[in-house]
$ cat final.cif   # mmCIF, C-alpha atoms and all ligand atoms
data_structure
#
loop_
_atom_site.label_atom_id
_atom_site.label_comp_id
_atom_site.auth_asym_id
_atom_site.auth_seq_id
_atom_site.Cartn_x
_atom_site.Cartn_y
_atom_site.Cartn_z
CA MET A 1 0.00 0.00 0.00
CA THR A 2 1.48 3.30 -1.08
CA ASP A 3 1.36 6.77 0.46
CA LEU A 4 2.39 10.00 -1.28
CA LEU A 5 2.18 13.74 -0.72
CA VAL A 6 2.33 15.83 -3.90
CA PHE A 7 2.96 19.46 -2.92
CA ASN A 8 3.92 22.81 -4.46
CA VAL A 9 1.36 22.27 -7.25
CA GLY A 10 0.94 25.48 -9.24
CA GLU A 11 -2.38 24.41 -10.73
CA LEU A 12 -4.24 21.33 -9.52
CA VAL A 13 -7.07 20.03 -11.74
CA THR A 14 -9.50 18.19 -9.44
CA ASN A 15 -12.62 17.85 -11.64
CA ASP A 16 -14.47 18.26 -8.34
CA PRO A 17 -17.94 19.66 -9.13
CA ALA A 18 -18.03 21.17 -5.64
CA ARG A 19 -15.19 23.52 -6.63
CA ASP A 20 -15.23 26.43 -9.09
CA GLY A 21 -15.34 26.01 -12.86
CA LEU A 22 -15.53 22.87 -14.97
CA LEU A 23 -12.17 21.55 -13.73
CA GLY A 24 -12.31 22.67 -10.09
CA VAL A 25 -8.77 24.06 -10.30
CA VAL A 26 -6.93 24.69 -7.01
CA ALA A 27 -3.98 27.11 -7.08
CA GLY A 28 -1.07 26.36 -4.75
CA GLY A 29 -2.47 22.91 -4.09
CA ALA A 30 -1.43 19.64 -2.52
CA VAL A 31 -2.75 16.06 -2.68
CA ALA A 32 -2.27 13.43 0.02
CA ILE A 33 -2.56 9.78 -1.04
CA VAL A 34 -2.89 7.11 1.65
CA ASP A 35 -3.13 3.39 0.84
CA GLU A 36 -3.30 4.12 -2.91
CA ARG A 37 -6.33 6.44 -2.58
CA VAL A 38 -6.67 10.20 -2.35
CA ALA A 39 -7.13 11.09 1.31
CA TRP A 40 -6.98 14.88 1.17
CA VAL A 41 -6.97 17.63 -1.52
CA GLY A 42 -6.74 21.38 -1.11
CA GLU A 43 -4.59 24.48 -0.77
CA GLU A 44 -1.24 23.45 0.66
CA ILE A 45 -1.51 26.04 3.37
CA GLY A 46 -4.37 24.02 4.88
CA LEU A 47 -2.64 20.60 4.76
CA PRO A 48 -3.61 18.77 7.96
CA GLU A 49 -0.77 17.75 10.27
CA PRO A 50 -1.14 13.94 9.85
CA TYR A 51 -0.29 14.14 6.12
CA ARG A 52 2.85 16.27 6.51
CA GLY A 53 5.10 13.26 7.08
CA LEU A 54 4.10 11.26 3.97
CA PRO A 55 6.72 10.48 1.28
CA ARG A 56 6.90 13.71 -0.74
CA LEU A 57 6.93 14.68 -4.41
CA ASP A 58 7.71 18.36 -5.09
CA ALA A 59 5.71 19.44 -8.16
CA GLY A 60 7.92 22.53 -8.51
CA GLY A 61 4.97 24.80 -9.32
CA ALA A 62 3.84 22.65 -12.25
CA ALA A 63 0.27 21.66 -13.18
CA VAL A 64 -1.11 18.34 -11.90
CA LEU A 65 -4.09 16.51 -13.46
CA PRO A 66 -5.96 13.29 -12.75
CA GLY A 67 -4.50 10.35 -14.69
CA PHE A 68 -5.92 10.13 -18.21
CA VAL A 69 -8.62 7.51 -18.85
CA ASP A 70 -8.34 6.22 -22.43
CA ALA A 71 -11.79 4.70 -22.98
CA HIS A 72 -11.36 3.24 -26.49
CA THR A 73 -8.30 1.32 -27.72
CA HIS A 74 -7.40 -1.72 -29.79
CA LEU A 75 -4.06 -2.05 -27.99
CA VAL A 76 -3.57 -5.80 -28.53
CA PHE A 77 -2.60 -6.69 -32.11
CA ALA A 78 0.28 -8.08 -34.15
CA GLY A 79 1.97 -6.62 -37.20
CA ASP A 80 1.72 -3.12 -38.57
CA ARG A 81 -0.06 -1.55 -41.55
CA SER A 82 2.28 1.28 -42.53
CA ASP A 83 2.21 -0.02 -46.12
CA GLU A 84 -1.58 0.28 -46.23
CA PHE A 85 -1.33 3.69 -44.57
CA ASP A 86 1.00 4.81 -47.34
CA ARG A 87 -1.40 3.49 -50.00
CA ARG A 88 -4.15 5.59 -48.42
CA LEU A 89 -1.91 8.63 -48.49
CA ARG A 90 -1.64 7.98 -52.23
CA GLY A 91 -5.43 7.92 -52.70
CA GLU A 92 -6.85 4.43 -51.95
CA THR A 93 -9.73 4.44 -49.46
CA TYR A 94 -10.10 2.55 -46.17
CA GLU A 95 -13.29 0.89 -47.44
CA GLU A 96 -11.65 -0.28 -50.70
CA ILE A 97 -8.76 -1.87 -48.85
CA LEU A 98 -11.10 -3.58 -46.36
CA ALA A 99 -13.39 -4.87 -49.14
CA ALA A 100 -10.33 -6.32 -50.92
CA GLY A 101 -9.52 -8.40 -47.82
CA GLY A 102 -6.83 -6.09 -46.39
CA GLY A 103 -7.16 -3.56 -43.59
CA ILE A 104 -8.58 -5.18 -40.45
CA HIS A 105 -8.28 -8.59 -42.17
CA SER A 106 -4.49 -8.31 -42.46
CA THR A 107 -4.22 -7.53 -38.75
CA VAL A 108 -6.49 -10.53 -38.08
CA ALA A 109 -4.11 -12.81 -40.00
CA ALA A 110 -1.07 -11.49 -38.10
CA THR A 111 -2.82 -11.68 -34.73
CA ARG A 112 -4.04 -15.25 -35.26
CA ALA A 113 -0.47 -16.26 -36.10
CA ALA A 114 1.04 -14.64 -32.99
CA ALA A 115 1.67 -16.57 -29.77
CA GLU A 116 0.10 -15.25 -26.57
CA ASP A 117 3.46 -14.11 -25.15
CA GLU A 118 4.30 -12.26 -28.37
CA LEU A 119 0.97 -10.43 -28.28
CA PHE A 120 1.58 -9.55 -24.65
CA ASP A 121 5.12 -8.26 -25.27
CA GLU A 122 4.01 -6.00 -28.13
CA ALA A 123 0.99 -4.67 -26.23
CA ALA A 124 3.06 -4.11 -23.07
CA VAL A 125 5.45 -1.82 -24.97
CA ARG A 126 2.50 0.26 -26.16
CA ALA A 127 0.95 0.29 -22.68
CA TRP A 128 4.23 1.57 -21.19
CA ARG A 129 4.32 4.38 -23.76
CA MET A 130 0.73 5.23 -22.80
CA LEU A 131 1.74 5.36 -19.13
CA THR A 132 4.62 7.67 -20.03
CA ASN A 133 2.04 9.94 -21.63
CA GLY A 134 -0.11 9.94 -18.51
CA THR A 135 -2.72 7.23 -19.20
CA THR A 136 -3.42 5.35 -15.96
CA THR A 137 -6.60 3.51 -17.03
CA VAL A 138 -7.13 2.01 -20.48
CA GLU A 139 -9.99 0.18 -22.16
CA ILE A 140 -8.74 -2.58 -24.48
CA LYS A 141 -10.85 -4.35 -27.11
CA SER A 142 -10.44 -7.72 -28.76
CA GLY A 143 -11.55 -7.86 -32.39
CA TYR A 144 -8.50 -8.99 -34.37
CA GLY A 145 -9.19 -12.68 -33.76
CA LEU A 146 -12.68 -13.14 -35.17
CA ASP A 147 -12.53 -16.75 -34.04
CA LEU A 148 -13.20 -18.07 -30.56
CA GLU A 149 -9.66 -19.06 -29.71
CA THR A 150 -7.95 -15.82 -30.81
CA GLU A 151 -10.63 -13.52 -29.36
CA ALA A 152 -10.22 -15.22 -25.98
CA ARG A 153 -6.41 -15.02 -26.30
CA MET A 154 -6.60 -11.26 -26.96
CA LEU A 155 -8.77 -10.74 -23.88
CA ARG A 156 -6.39 -12.80 -21.71
CA VAL A 157 -3.52 -10.64 -22.97
CA ALA A 158 -5.46 -7.43 -22.23
CA ASN A 159 -6.23 -8.60 -18.70
CA ARG A 160 -2.59 -9.59 -18.15
CA ILE A 161 -1.53 -6.04 -19.11
CA GLY A 162 -3.63 -4.82 -16.19
CA ARG A 163 -2.14 -7.39 -13.80
CA ASP A 164 1.54 -7.08 -14.78
CA LEU A 165 1.82 -3.33 -15.52
CA PRO A 166 0.90 -0.33 -13.35
CA ILE A 167 -2.13 0.50 -15.49
CA ASP A 168 -5.77 -0.47 -14.92
CA VAL A 169 -7.41 -2.28 -17.83
CA VAL A 170 -11.08 -2.56 -18.74
CA SER A 171 -11.56 -5.31 -21.35
CA THR A 172 -14.13 -5.29 -24.13
CA PHE A 173 -15.17 -8.19 -26.35
CA LEU A 174 -15.30 -7.03 -30.00
CA GLY A 175 -15.86 -10.33 -31.82
CA ALA A 176 -18.17 -8.28 -34.05
CA HIS A 177 -15.44 -6.04 -35.47
CA VAL A 178 -16.01 -7.18 -39.07
CA VAL A 179 -17.31 -10.39 -40.65
CA PRO A 180 -14.22 -12.60 -41.13
CA LEU A 181 -13.24 -13.55 -44.69
CA SER A 182 -14.18 -17.17 -43.95
CA HIS A 183 -17.82 -16.17 -43.32
CA ARG A 184 -18.43 -13.58 -46.04
CA ALA A 185 -20.95 -15.82 -47.77
CA GLU A 186 -22.64 -16.78 -44.49
CA ARG A 187 -22.82 -13.73 -42.22
CA ASP A 188 -25.65 -15.18 -40.17
CA ALA A 189 -23.51 -18.16 -39.19
CA TYR A 190 -20.86 -15.78 -37.85
CA VAL A 191 -23.45 -13.83 -35.84
CA ASP A 192 -24.70 -17.19 -34.47
CA LEU A 193 -21.14 -18.08 -33.49
CA ILE A 194 -20.72 -14.76 -31.63
CA CYS A 195 -24.05 -15.03 -29.83
CA GLY A 196 -23.35 -18.63 -28.79
CA PRO A 197 -19.90 -20.17 -28.23
CA MET A 198 -17.84 -16.96 -28.54
CA LEU A 199 -19.83 -15.07 -25.90
CA ASP A 200 -19.82 -18.16 -23.66
CA ALA A 201 -16.00 -18.19 -23.80
CA CYS A 202 -15.30 -14.44 -23.89
CA ALA A 203 -17.92 -12.87 -21.61
CA PRO A 204 -16.16 -14.11 -18.44
CA LEU A 205 -12.97 -12.37 -19.66
CA ALA A 206 -14.56 -8.98 -20.41
CA ARG A 207 -16.61 -6.20 -18.83
CA PHE A 208 -18.12 -4.81 -22.05
CA CYS A 209 -19.23 -5.96 -25.50
CA ASP A 210 -18.75 -3.70 -28.53
CA VAL A 211 -19.94 -4.00 -32.15
CA PHE A 212 -18.64 -2.09 -35.19
CA CYS A 213 -22.05 -1.09 -36.53
CA ASP A 214 -21.41 0.68 -39.80
CA GLU A 215 -21.60 0.50 -43.59
CA ALA A 216 -18.54 -1.75 -43.93
CA ALA A 217 -19.25 -3.87 -40.88
CA PHE A 218 -22.40 -5.06 -39.03
CA THR A 219 -25.98 -3.92 -39.69
CA VAL A 220 -28.17 -2.44 -36.97
CA ALA A 221 -30.23 -5.66 -36.85
CA GLU A 222 -27.10 -7.81 -36.45
CA ALA A 223 -25.68 -5.45 -33.83
CA ARG A 224 -28.92 -5.55 -31.84
CA ARG A 225 -28.89 -9.35 -31.77
CA ILE A 226 -25.28 -9.46 -30.59
CA LEU A 227 -25.65 -6.73 -27.98
CA GLU A 228 -28.82 -8.26 -26.53
CA ALA A 229 -27.02 -11.60 -26.24
CA ALA A 230 -24.12 -9.83 -24.54
CA GLN A 231 -26.51 -8.18 -22.11
CA ARG A 232 -27.83 -11.61 -21.16
CA HIS A 233 -24.22 -12.56 -20.37
CA GLY A 234 -23.99 -9.61 -17.98
CA LEU A 235 -21.79 -7.41 -20.16
CA GLY A 236 -22.11 -3.64 -20.45
CA LEU A 237 -22.47 -2.27 -23.98
CA ARG A 238 -20.37 0.01 -26.19
CA LEU A 239 -20.81 0.63 -29.90
CA HIS A 240 -18.65 1.81 -32.81
CA ALA A 241 -21.45 4.01 -34.10
CA ASP A 242 -21.98 5.93 -37.35
CA GLN A 243 -18.30 6.47 -38.14
CA LEU A 244 -18.34 5.86 -41.91
CA GLY A 245 -22.01 6.68 -42.49
CA ARG A 246 -25.30 7.18 -40.62
CA VAL A 247 -26.81 3.72 -40.29
CA GLY A 248 -28.78 4.23 -37.06
CA ALA A 249 -26.12 2.88 -34.72
CA ALA A 250 -26.24 5.83 -32.30
CA SER A 251 -29.97 5.39 -32.01
CA LEU A 252 -29.47 1.67 -31.29
CA ALA A 253 -26.92 2.50 -28.57
CA ALA A 254 -29.47 4.79 -26.91
CA ASP A 255 -32.27 2.26 -27.24
CA LEU A 256 -30.15 -0.38 -25.45
CA SER A 257 -28.91 2.14 -22.82
CA ALA A 258 -25.33 1.40 -23.89
CA ALA A 259 -22.56 2.85 -21.75
CA SER A 260 -21.08 4.56 -24.79
CA ALA A 261 -21.49 5.30 -28.48
CA ASP A 262 -18.11 5.89 -30.07
CA HIS A 263 -16.95 7.87 -33.17
CA LEU A 264 -20.36 9.49 -34.04
CA ASP A 265 -18.96 11.34 -37.07
CA HIS A 266 -22.37 11.20 -38.75
CA ALA A 267 -24.67 11.52 -35.72
CA THR A 268 -27.57 13.98 -36.10
CA ASP A 269 -29.07 16.27 -33.45
CA THR A 270 -31.88 13.72 -32.97
CA ASP A 271 -29.31 10.96 -32.37
CA LEU A 272 -27.55 13.15 -29.79
CA GLU A 273 -30.81 13.91 -28.01
CA GLU A 274 -31.54 10.17 -27.78
CA LEU A 275 -28.05 9.50 -26.38
CA ARG A 276 -28.44 12.27 -23.82
CA ALA A 277 -31.81 10.99 -22.67
CA ALA A 278 -30.44 7.43 -22.38
CA GLY A 279 -27.35 8.51 -20.38
CA THR A 280 -25.09 7.04 -23.10
CA ALA A 281 -21.68 8.75 -23.29
CA ALA A 282 -20.15 9.91 -26.59
CA VAL A 283 -16.56 8.73 -26.99
CA LEU A 284 -14.88 10.95 -29.57
CA LEU A 285 -11.70 9.90 -31.38
CA PRO A 286 -10.01 12.85 -33.12
CA ALA A 287 -6.80 10.91 -33.81
CA VAL A 288 -8.77 8.91 -36.40
CA SER A 289 -9.76 12.08 -38.27
CA PHE A 290 -6.15 13.27 -38.03
CA SER A 291 -4.62 10.04 -39.35
CA MET A 292 -7.33 9.44 -41.98
CA ARG A 293 -7.38 13.09 -43.12
CA LEU A 294 -11.16 13.15 -42.55
CA PRO A 295 -13.37 15.93 -41.17
CA TYR A 296 -13.45 15.99 -37.36
CA PRO A 297 -16.67 15.21 -35.49
CA ASP A 298 -18.27 18.43 -34.25
CA GLY A 299 -17.25 18.28 -30.60
CA ARG A 300 -18.82 21.66 -29.87
CA ARG A 301 -22.26 20.53 -31.06
CA ILE A 302 -21.95 17.19 -29.26
CA TRP A 303 -20.85 18.80 -25.98
CA ASP A 304 -23.62 21.44 -26.21
CA SER A 305 -26.24 18.70 -26.75
CA GLY A 306 -25.74 17.75 -23.10
CA VAL A 307 -24.29 14.29 -23.84
CA THR A 308 -21.37 13.24 -21.61
CA VAL A 309 -18.28 13.54 -23.82
CA ALA A 310 -15.18 11.35 -23.51
CA LEU A 311 -12.01 11.54 -25.59
CA ALA A 312 -9.89 8.50 -26.42
CA THR A 313 -7.03 7.52 -28.74
CA ASP A 314 -8.67 4.57 -30.59
CA CYS A 315 -5.05 3.29 -30.70
CA ASN A 316 -5.12 0.68 -33.50
CA PRO A 317 -2.88 -0.40 -36.39
CA GLY A 318 -5.20 0.92 -39.13
CA THR A 319 -6.88 4.23 -38.52
CA ALA A 320 -5.00 5.81 -35.58
CA HIS A 321 -1.63 4.48 -34.44
CA VAL A 322 -1.72 7.01 -31.61
CA GLU A 323 -1.01 6.40 -27.92
CA SER A 324 -0.85 9.88 -26.36
CA MET A 325 -3.87 11.38 -24.60
CA PRO A 326 -2.24 14.85 -24.42
CA PHE A 327 -2.02 14.73 -28.24
CA VAL A 328 -5.72 13.77 -28.40
CA VAL A 329 -6.58 16.69 -26.07
CA ALA A 330 -4.60 18.99 -28.36
CA LEU A 331 -6.47 17.74 -31.46
CA ALA A 332 -9.85 18.19 -29.76
CA ALA A 333 -9.01 21.74 -28.73
CA LEU A 334 -7.48 22.65 -32.09
CA HIS A 335 -9.96 20.92 -34.42
CA MET A 336 -13.18 19.91 -32.67
CA GLY A 337 -14.34 23.14 -31.12
CA LEU A 338 -13.90 22.05 -27.51
CA THR A 339 -12.17 24.37 -25.09
CA THR A 340 -8.92 23.07 -23.59
CA ASP A 341 -10.71 22.62 -20.26
CA GLU A 342 -13.55 20.65 -21.86
CA ALA A 343 -11.05 18.44 -23.69
CA ILE A 344 -9.14 17.75 -20.44
CA TRP A 345 -12.39 16.93 -18.63
CA ALA A 346 -13.39 14.56 -21.46
CA ALA A 347 -9.98 12.83 -21.36
CA THR A 348 -10.22 12.20 -17.62
CA LEU A 349 -13.64 12.26 -15.93
CA GLY A 350 -15.49 11.84 -19.24
CA GLY A 351 -13.55 8.65 -20.00
CA ALA A 352 -14.08 7.29 -16.50
CA THR A 353 -17.82 8.03 -16.69
CA SER A 354 -18.12 6.25 -20.04
CA LEU A 355 -16.51 3.16 -18.47
CA GLY A 356 -18.75 3.28 -15.39
CA LEU A 357 -15.74 3.88 -13.12
CA ALA A 358 -16.83 6.18 -10.30
CA ASP A 359 -13.48 6.17 -8.45
CA ARG A 360 -11.24 7.95 -10.95
CA GLY A 361 -10.99 10.79 -13.42
CA ALA A 362 -11.12 13.25 -10.52
CA VAL A 363 -8.87 14.12 -7.59
CA VAL A 364 -11.26 13.92 -4.65
CA PRO A 365 -11.08 11.99 -1.38
CA GLY A 366 -11.61 8.30 -2.12
CA SER A 367 -10.52 8.34 -5.76
CA VAL A 368 -7.55 6.20 -6.86
CA GLY A 369 -4.22 7.99 -6.47
CA ASP A 370 -3.58 8.40 -10.21
CA LEU A 371 -1.92 11.73 -11.02
CA VAL A 372 -0.15 13.31 -13.98
CA LEU A 373 2.49 15.96 -13.38
CA LEU A 374 3.01 18.21 -16.39
CA ASP A 375 6.27 19.69 -17.57
CA ALA A 376 4.38 23.00 -17.65
CA PRO A 377 2.96 25.48 -15.16
CA SER A 378 -0.46 25.41 -16.84
CA ARG A 379 -2.75 22.83 -18.44
CA LEU A 380 -3.30 25.37 -21.23
CA GLN A 381 0.10 24.34 -22.63
CA ILE A 382 -1.24 20.94 -23.77
CA PRO A 383 -2.57 22.20 -27.14
CA TYR A 384 -0.09 25.10 -27.18
CA ARG A 385 2.94 22.77 -27.26
CA PRO A 386 1.35 19.84 -29.17
CA ASP A 387 4.60 17.99 -29.85
CA ALA A 388 6.07 18.40 -26.36
CA ASP A 389 6.71 15.50 -24.00
CA ILE A 390 4.38 17.38 -21.72
CA VAL A 391 4.06 14.68 -19.04
CA ALA A 392 6.96 14.96 -16.58
CA ALA A 393 5.88 12.29 -14.06
CA VAL A 394 3.03 9.86 -13.40
CA ALA A 395 1.78 8.50 -10.09
CA LYS A 396 -0.22 5.26 -10.33
CA ARG A 397 -2.11 4.44 -7.12
CA GLY A 398 0.35 6.65 -5.27
CA THR A 399 3.51 5.10 -6.73
CA VAL A 400 5.64 7.47 -8.81
CA LEU A 401 6.63 5.58 -11.98
O1 LIG B 1 -12.07 2.14 -34.33
N1 LIG B 1 -13.74 1.32 -36.77
C1 LIG B 1 -13.34 0.17 -36.58
N2 LIG B 1 -12.27 -0.20 -35.91
C2 LIG B 1 -11.11 0.59 -35.75
C3 LIG B 1 -10.21 0.45 -36.91
C4 LIG B 1 -9.56 -0.86 -36.88
C5 LIG B 1 -8.57 -1.10 -37.96
O2 LIG B 1 -8.58 -0.49 -39.04
O3 LIG B 1 -7.74 -1.98 -37.70
C6 LIG B 1 -11.50 1.99 -35.39
O4 LIG B 1 -11.26 2.95 -36.13
FE FE B 2 -12.13 1.57 -32.55
#
$ encode --input "final.cif" --output "structure tokens"
Amino acid sequence: MTDLLVFNVGELVTNDPARDGLLGVVAGGAVAIVDERVAWVGEEIGLPEPYRGLPRLDAGGAAVLPGFVDAHTHLVFAGDRSDEFDRRLRGETYEEILAAGGGIHSTVAATRAAAEDELFDEAAVRAWRMLTNGTTTVEIKSGYGLDLETEARMLRVANRIGRDLPIDVVSTFLGAHVVPLSHRAERDAYVDLICGPMLDACAPLARFCDVFCDEAAFTVAEARRILEAAQRHGLGLRLHADQLGRVGAASLAADLSAASADHLDHATDTDLEELRAAGTAAVLLPAVSFSMRLPYPDGRRIWDSGVTVALATDCNPGTAHVESMPFVVALAALHMGLTTDEAIWAATLGGATSLGLADRGAVVPGSVGDLVLLDAPSRLQIPYRPDADIVAAVAKRGTVL
């Protein structure tokens, strides 16, 4: 059990709704962590006597934030697709490459061929880079197996990341990423396989089920069948919704009271109103727009609709080989119409809310002792210095990494 006192904090982002402004910023702050959890937060001048003797970290006047919560990643995979990326830079489209059996299918082939330890080693390197960039909780999806054995292997690897590294992992079963090449002529048989044996094997390894419900992937009817089966297995629901076109996926997410609807590039005002009413969070992924050279989702309109907004990397080998949440915050502030403070909130408390995690994303008594110390006196430098290694130190459950 770890104790830590972080003091001399120039600007402490608490996300505490009981304090002023969206981020509840405390100037001249300190945080006391006892047994891995935040025990006290406030102006250093008021630090109670019992916490003065804790092991100390001098923030040197820098800004301190809650650890980032990356609520949408495909961190476990084998191989890379830089060749495909280059072909897209020369004019081929994502959909063309996928329809020709490349794209996700090439990652599926590489992932099926990789041993469990290999998958773990590659994912662990990425997870360490995420930690270095301040991510202390990460959601990880399967979805590059598309058969029972490999989907289960991916989820075991994801869970092992959370056990062996100082990062908390929330696992999501994404057997319905795309229809595998083997089942192109018999889609229904693949949906049957997911709803039966795959969910039986994978549900015990995951907290959520996700479906890529879009023009190039699963229909709304197929997604509904899969998500209802997942619900019967006790899984929470997430949905890759209306990224490539508007197929009604956001509306389905709301109808099933999903925890999140992700992407939402083509969501309408009606879709957003349904999500708001259902309490479904919007997980926005600007690194995809950046890497695909596509228009950004309108973060301003989505935030103003009253939906809970989360930001995530979508780290994957195809559409966003991006691991840094500060970079995602910078993109959202520069290109999606969110203020820097809104983007920071979405990358911390928004992500935690979308994952149903009530004990993180904020620095309040009782929350896990996950903190990010910036190499900057102000959080406003995150979009201002977009290529900086802006994270100077990370505390995970009170341990400085
Ligand atoms: O979230 N949209 C579907 N899945 C990923 C892309 C996966 C891939 O291309 O490998 C995404 O963007
Ligand atoms: Fe994704």
$ closest_residue --input "final.cif" --among "A:Leu23, A:Asn133, A:Asp341, A:Leu181" --to "A:Phe327" --atoms "only C-alpha atoms"
A:Asn133
$ residues_near_ligand --input "final.cif" --ligand "ligand FE 2 (chain B)" --cutoff "7 Å" --atoms "all atoms listed in the file" --output "VMD selection string"
chain A and resid 72 to 74 240 314
$ axis_aligned_box --input "final.cif" --around "ligand LIG 1 (chain B)" --padding-each-side "5 Å" --output "lines of an AutoDock Vina configuration file"
center_x = -10.7
center_y = 0.5
center_z = -36.7
size_x = 16.0
size_y = 14.9
size_z = 14.7
$ atom_distance --input "final.cif" --atom1 "atom CA of A:Ile161" --atom2 "atom CA of A:Thr107"
19.9 Å
$ residues_near_ligand --input "final.cif" --ligand "ligand LIG 1 (chain B)" --cutoff "10 Å" --atoms "only C-alpha atoms and all ligand atoms" --output "PyMOL selection string"
chain A and resi 72-74+77+80-81+94-95+97-98+102-108+141+143-144+174+177-178+211-214+216-217+239-244+262-263+285+287-289+292+313-321
$ write_last_selection --input "final.cif" --atoms "C-alpha atoms" --output "mmCIF file, in the frame of the given file"
data_model
loop_
_atom_site.group_PDB
_atom_site.id
_atom_site.type_symbol
_atom_site.label_atom_id
_atom_site.label_comp_id
_atom_site.auth_asym_id
_atom_site.auth_seq_id
_atom_site.Cartn_x
_atom_site.Cartn_y
_atom_site.Cartn_z
ATOM 1 C CA HIS A 72 -11.360 3.240 -26.490
ATOM 2 C CA THR A 73 -8.300 1.320 -27.720
ATOM 3 C CA HIS A 74 -7.400 -1.720 -29.790
ATOM 4 C CA PHE A 77 -2.600 -6.690 -32.110
ATOM 5 C CA ASP A 80 1.720 -3.120 -38.570
ATOM 6 C CA ARG A 81 -0.060 -1.550 -41.550
ATOM 7 C CA TYR A 94 -10.100 2.550 -46.170
ATOM 8 C CA GLU A 95 -13.290 0.890 -47.440
ATOM 9 C CA ILE A 97 -8.760 -1.870 -48.850
ATOM 10 C CA LEU A 98 -11.100 -3.580 -46.360
ATOM 11 C CA GLY A 102 -6.830 -6.090 -46.390
ATOM 12 C CA GLY A 103 -7.160 -3.560 -43.590
ATOM 13 C CA ILE A 104 -8.580 -5.180 -40.450
ATOM 14 C CA HIS A 105 -8.280 -8.590 -42.170
ATOM 15 C CA SER A 106 -4.490 -8.310 -42.460
ATOM 16 C CA THR A 107 -4.220 -7.530 -38.750
ATOM 17 C CA VAL A 108 -6.490 -10.530 -38.080
ATOM 18 C CA LYS A 141 -10.850 -4.350 -27.110
ATOM 19 C CA GLY A 143 -11.550 -7.860 -32.390
ATOM 20 C CA TYR A 144 -8.500 -8.990 -34.370
ATOM 21 C CA LEU A 174 -15.300 -7.030 -30.000
ATOM 22 C CA HIS A 177 -15.440 -6.040 -35.470
ATOM 23 C CA VAL A 178 -16.010 -7.180 -39.070
ATOM 24 C CA VAL A 211 -19.940 -4.000 -32.150
ATOM 25 C CA PHE A 212 -18.640 -2.090 -35.190
ATOM 26 C CA CYS A 213 -22.050 -1.090 -36.530
ATOM 27 C CA ASP A 214 -21.410 0.680 -39.800
ATOM 28 C CA ALA A 216 -18.540 -1.750 -43.930
ATOM 29 C CA ALA A 217 -19.250 -3.870 -40.880
ATOM 30 C CA LEU A 239 -20.810 0.630 -29.900
ATOM 31 C CA HIS A 240 -18.650 1.810 -32.810
ATOM 32 C CA ALA A 241 -21.450 4.010 -34.100
ATOM 33 C CA ASP A 242 -21.980 5.930 -37.350
ATOM 34 C CA GLN A 243 -18.300 6.470 -38.140
ATOM 35 C CA LEU A 244 -18.340 5.860 -41.910
ATOM 36 C CA ASP A 262 -18.110 5.890 -30.070
ATOM 37 C CA HIS A 263 -16.950 7.870 -33.170
ATOM 38 C CA LEU A 285 -11.700 9.900 -31.380
ATOM 39 C CA ALA A 287 -6.800 10.910 -33.810
ATOM 40 C CA VAL A 288 -8.770 8.910 -36.400
ATOM 41 C CA SER A 289 -9.760 12.080 -38.270
ATOM 42 C CA MET A 292 -7.330 9.440 -41.980
ATOM 43 C CA THR A 313 -7.030 7.520 -28.740
ATOM 44 C CA ASP A 314 -8.670 4.570 -30.590
ATOM 45 C CA CYS A 315 -5.050 3.290 -30.700
ATOM 46 C CA ASN A 316 -5.120 0.680 -33.500
ATOM 47 C CA PRO A 317 -2.880 -0.400 -36.390
ATOM 48 C CA GLY A 318 -5.200 0.920 -39.130
ATOM 49 C CA THR A 319 -6.880 4.230 -38.520
ATOM 50 C CA ALA A 320 -5.000 5.810 -35.580
ATOM 51 C CA HIS A 321 -1.630 4.480 -34.440
#
$ residues_around --input "final.cif" --residues "A:Val169" --least-positions-apart "5" --cutoff "7 Å" --atoms "only C-alpha atoms" --output "PyMOL selection string"
chain A and resi 137-140+159+162
$ residues_around --input "final.cif" --residues "stretch 366-383 of chain A" --least-positions-apart "3" --cutoff "6 Å" --atoms "all atoms listed in the file" --output "list of chain:residue names"
A:Ile33, A:Glu36, A:Arg37, A:Val38, A:Ala62, A:Ala63, A:Val64, A:Leu65, A:Pro66, A:Gly67, A:Gly134, A:Ala330, A:Asp359, A:Arg360, A:Pro386, A:Ile390, A:Val391, A:Ala392, A:Ala393, A:Val394, A:Ala395, A:Lys396, A:Arg397, A:Gly398
$ residues_around --input "final.cif" --residues "A:Met325" --least-positions-apart "2" --cutoff "9 Å" --atoms "all atoms listed in the file" --output "number ranges by chain"
A: 68-70, 130, 133-135, 311-313, 322-323, 327-330, 347
$ atom_distance --input "final.cif" --atom1 "atom CA of A:Leu148" --atom2 "atom CA of A:Leu235"
17.2 Å
$ residues_around --input "final.cif" --residues "A:Val191" --least-positions-apart "5" --cutoff "9 Å" --atoms "all atoms listed in the file" --output "mmCIF file with C-alpha atoms, keeping the file's coordinate frame"
data_model
loop_
_atom_site.group_PDB
_atom_site.id
_atom_site.type_symbol
_atom_site.label_atom_id
_atom_site.label_comp_id
_atom_site.auth_asym_id
_atom_site.auth_seq_id
_atom_site.Cartn_x
_atom_site.Cartn_y
_atom_site.Cartn_z
ATOM 1 C CA ALA A 176 -18.170 -8.280 -34.050
ATOM 2 C CA VAL A 179 -17.310 -10.390 -40.650
ATOM 3 C CA GLY A 196 -23.350 -18.630 -28.790
ATOM 4 C CA GLU A 222 -27.100 -7.810 -36.450
ATOM 5 C CA ALA A 223 -25.680 -5.450 -33.830
ATOM 6 C CA ARG A 225 -28.890 -9.350 -31.770
ATOM 7 C CA ILE A 226 -25.280 -9.460 -30.590
#
$ atom_distance --input "final.cif" --atom1 "atom CA of A:Leu331" --atom2 "atom CA of A:Ala71"
16.4 Å
